[in-house]
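The next block is entry_22.txt, given as compact mmCIF, C-alpha atoms.
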# COMPACT_ATOMS: atom_id res chain seq x y z
CA MET A 83 24.05 -30.14 -91.25
CA GLY A 84 27.02 -28.94 -93.27
CA LEU A 85 30.18 -30.81 -94.11
CA ILE A 86 32.32 -28.69 -91.77
CA SER A 87 29.99 -29.35 -88.82
CA SER A 88 30.00 -33.07 -89.56
CA LEU A 89 33.79 -33.17 -89.71
CA LYS A 90 34.17 -31.21 -86.47
CA ARG A 91 31.85 -33.60 -84.70
CA ALA A 92 33.58 -36.66 -86.16
CA PHE A 93 37.05 -35.54 -85.07
CA SER A 94 36.30 -33.84 -81.75
CA LYS A 95 37.35 -35.48 -78.49
CA PRO A 96 34.46 -36.79 -76.39
CA TYR A 97 36.44 -35.95 -73.23
CA THR A 98 38.51 -33.09 -71.84
CA THR A 99 42.20 -32.99 -71.02
CA LEU A 100 43.07 -31.44 -67.65
CA SER A 101 46.16 -30.02 -66.02
CA VAL A 102 47.02 -31.19 -62.50
CA ALA A 103 45.57 -27.96 -61.05
CA GLU A 104 42.32 -28.38 -63.01
CA ALA A 105 42.10 -32.03 -61.93
CA LYS A 106 42.61 -31.07 -58.27
CA ASP A 107 39.77 -28.53 -58.54
CA LEU A 108 37.47 -31.12 -60.09
CA LEU A 109 38.43 -33.72 -57.46
CA SER A 110 37.61 -31.27 -54.68
CA SER A 111 34.15 -30.96 -56.24
CA GLY A 112 33.51 -34.71 -56.05
CA ALA A 113 35.06 -36.17 -59.21
CA VAL A 114 36.47 -39.70 -59.16
CA LEU A 115 40.12 -40.39 -60.06
CA ILE A 116 40.68 -43.69 -61.89
CA ASP A 117 44.27 -44.95 -62.25
CA VAL A 118 44.48 -47.16 -65.34
CA ARG A 119 48.12 -48.23 -64.99
CA SER A 120 49.33 -51.79 -64.40
CA ALA A 121 49.45 -53.29 -60.90
CA GLN A 122 53.24 -52.87 -60.80
CA GLU A 123 52.98 -49.17 -61.73
CA TRP A 124 50.21 -48.70 -59.15
CA ARG A 125 52.41 -50.18 -56.42
CA SER A 126 55.26 -47.81 -57.36
CA GLY A 127 53.21 -44.81 -56.20
CA ARG A 128 49.76 -43.37 -56.74
CA ALA A 129 47.59 -40.39 -56.01
CA PRO A 130 46.02 -40.99 -52.56
CA GLN A 131 42.42 -40.61 -53.79
CA ALA A 132 42.83 -42.80 -56.91
CA LYS A 133 40.89 -45.98 -57.53
CA HIS A 134 42.89 -48.65 -59.39
CA ILE A 135 41.22 -50.05 -62.49
CA PRO A 136 43.80 -51.17 -65.08
CA LEU A 137 42.92 -50.18 -68.64
CA ASP A 138 42.42 -53.76 -69.83
CA ARG A 139 39.97 -54.45 -66.98
CA LEU A 140 38.19 -51.13 -67.51
CA GLN A 141 37.46 -52.08 -71.10
CA THR A 142 35.56 -55.15 -69.95
CA SER A 143 33.70 -53.66 -66.98
CA THR A 144 32.88 -50.22 -65.62
CA ALA A 145 31.37 -51.69 -62.44
CA GLY A 146 32.10 -49.56 -59.42
CA ILE A 147 32.44 -46.27 -61.29
CA ASN A 148 29.70 -43.82 -60.38
CA ARG A 149 28.06 -42.62 -63.59
CA ASN A 150 26.73 -39.52 -61.80
CA LYS A 151 30.15 -38.07 -61.01
CA PRO A 152 32.83 -36.73 -63.34
CA VAL A 153 35.66 -39.23 -63.89
CA ILE A 154 39.32 -38.31 -64.33
CA ALA A 155 41.60 -40.99 -65.78
CA ILE A 156 45.31 -41.03 -64.97
CA CYS A 157 48.19 -43.22 -66.19
CA ALA A 158 51.96 -42.76 -66.36
CA SER A 159 52.13 -40.11 -69.09
CA GLY A 160 48.64 -39.49 -70.46
CA ALA A 161 48.28 -41.90 -73.40
CA ARG A 162 46.39 -44.72 -71.65
CA SER A 163 44.29 -42.25 -69.67
CA ALA A 164 43.20 -40.67 -72.95
CA SER A 165 42.11 -44.12 -74.18
CA ALA A 166 40.28 -44.72 -70.91
CA ALA A 167 38.57 -41.32 -71.06
CA ARG A 168 37.51 -41.91 -74.66
CA PHE A 169 36.11 -45.33 -73.76
CA LEU A 170 34.26 -44.08 -70.67
CA ALA A 171 32.79 -41.18 -72.66
CA SER A 172 31.45 -43.72 -75.17
CA GLN A 173 29.73 -45.43 -72.22
CA GLY A 174 28.01 -42.22 -71.13
CA TYR A 175 30.44 -40.96 -68.47
CA GLN A 176 31.59 -37.34 -68.17
CA THR A 177 35.33 -37.93 -68.46
CA SER A 178 38.69 -36.23 -68.51
CA SER A 179 42.27 -37.34 -68.95
CA LEU A 180 45.05 -35.94 -66.77
CA ARG A 181 47.62 -34.35 -69.11
CA GLY A 182 51.06 -35.77 -68.34
CA GLY A 183 49.75 -38.47 -66.01
CA MET A 184 51.61 -39.42 -62.86
CA SER A 185 54.72 -37.72 -64.20
CA ALA A 186 52.87 -34.39 -64.14
CA TRP A 187 51.29 -35.22 -60.76
CA ARG A 188 54.74 -35.81 -59.25
CA ALA A 189 56.26 -32.76 -60.93
CA ALA A 190 53.49 -30.60 -59.46
CA GLY A 191 54.50 -31.79 -55.97
CA GLU A 192 51.20 -33.55 -55.33
CA PRO A 193 51.10 -36.30 -52.68
CA ILE A 194 51.98 -39.86 -53.61
CA ARG A 195 51.01 -42.87 -51.57

Would you give me this structure, written as structure tokens?
Amino acid sequence: MGLISSLKRAFSKPYTTLSVAEAKDLLSSGAVLIDVRSAQEWRSGRAPQAKHIPLDRLQTSTAGINRNKPVIAICASGARSASAARFLASQGYQTSSLRGGMSAWRAAGEPIR
């Protein structure tokens, strides 16, 4: 394996980043939406189909997350969901991070519960 290939592999993301529209398509195909925000943020409004697993709890246990379905992580703006997606990918999950987080979800006019 060449140096360029090694570097590409070392610096590539182990997860994808999705727009709201791409996430909605994946959710309609059976993906799971994991909201990694704090409890206070969760109570301020969430995507109706989201499951709440704060990032700090996710990093200690992935119990309850189906390994056979794609997982989309969402937070407020996209930074924590990227961390969650990276972590889940390291645990063998097929993961994505929602670009722009709940801010993008709201801006797209998607339902909030």

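Note that the spacing between atom CA of A:Thr99 and atom CA of A:Ala164 amounts to 8.0 Å.
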
In Å and to one decimal, atom CA of A:Leu85 is distant from atom CA of A:Ala166 by 28.9 Å

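Within a radius of 7 Å around (49.5, -42.5, -57.7), the polymer residues are Trp124, Gly127, Arg128, Ala129, Pro130, Ala132, Met184, Ile194 and Arg195 of chain A, counting only C-alpha atoms.
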
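Atom CA of A:Ala121 sits 20.2 Å away from atom CA of A:Phe169.
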
Using only C-alpha atoms, the best pick from A:Leu108, A:Val153, A:Ile86, A:Val102 as closest to A:Trp187 would be A:Val102

Near A:Gly160, within 12 Å and counting all atoms listed in the file, which residues show up once chain neighbours fewer than 2 positions away are dropped, as a ChimeraX atom specification?
/A:99-102,117-119,154-158,162-167,178-187

Create the file for the chosen residues now, containing C-alpha atoms and written as a JSON list (two decimals), in the frame of the given file.
[["chain", "number", "residue", "atom", "x", "y", "z"],
["A", 99, "THR", "CA", 42.20, -32.99, -71.02],
["A", 100, "LEU", "CA", 43.07, -31.44, -67.65],
["A", 101, "SER", "CA", 46.16, -30.02, -66.02],
["A", 102, "VAL", "CA", 47.02, -31.19, -62.50],
["A", 117, "ASP", "CA", 44.27, -44.95, -62.25],
["A", 118, "VAL", "CA", 44.48, -47.16, -65.34],
["A", 119, "ARG", "CA", 48.12, -48.23, -64.99],
["A", 154, "ILE", "CA", 39.32, -38.31, -64.33],
["A", 155, "ALA", "CA", 41.60, -40.99, -65.78],
["A", 156, "ILE", "CA", 45.31, -41.03, -64.97],
["A", 157, "CYS", "CA", 48.19, -43.22, -66.19],
["A", 158, "ALA", "CA", 51.96, -42.76, -66.36],
["A", 162, "ARG", "CA", 46.39, -44.72, -71.65],
["A", 163, "SER", "CA", 44.29, -42.25, -69.67],
["A", 164, "ALA", "CA", 43.20, -40.67, -72.95],
["A", 165, "SER", "CA", 42.11, -44.12, -74.18],
["A", 166, "ALA", "CA", 40.28, -44.72, -70.91],
["A", 167, "ALA", "CA", 38.57, -41.32, -71.06],
["A", 178, "SER", "CA", 38.69, -36.23, -68.51],
["A", 179, "SER", "CA", 42.27, -37.34, -68.95],
["A", 180, "LEU", "CA", 45.05, -35.94, -66.77],
["A", 181, "ARG", "CA", 47.62, -34.35, -69.11],
["A", 182, "GLY", "CA", 51.06, -35.77, -68.34],
["A", 183, "GLY", "CA", 49.75, -38.47, -66.01],
["A", 184, "MET", "CA", 51.61, -39.42, -62.86],
["A", 185, "SER", "CA", 54.72, -37.72, -64.20],
["A", 186, "ALA", "CA", 52.87, -34.39, -64.14],
["A", 187, "TRP", "CA", 51.29, -35.22, -60.76]]

Could you name the residues that touch A:Ser120 at 10 Å or less, counting all atoms listed in the file, but leaving out those on the same chain fewer than 5 positions away, as an NGL selection string?
:A and (125 or 134-138 or 157-158)

What box, with edges along x, y and z, holds each listed atom of stretch 153-164 of chain A when 3 Å is added on every side, and can you state its centre and edge lengths in Å to one decimal, as JSON?
{"center_x": 43.9, "center_y": -41.5, "center_z": -68.6, "size_x": 22.5, "size_y": 12.4, "size_z": 15.5}

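Using only C-alpha atoms, the nearest neighbour of A:Asp107 within the list A:Arg168, A:Gly146, A:Ala189, A:Pro152 is A:Pro152.
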
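Nearest residue to A:Gln131, choosing from A:Ser172, A:Ala145, A:Glu192, A:Tyr97 and counting only C-alpha atoms: A:Glu192.
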
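In this comparison, which uses only C-alpha atoms, the residue of A:Ile116, A:Ala103, A:Ser126, A:Ser159 approaching A:Thr144 most closely is A:Ile116.
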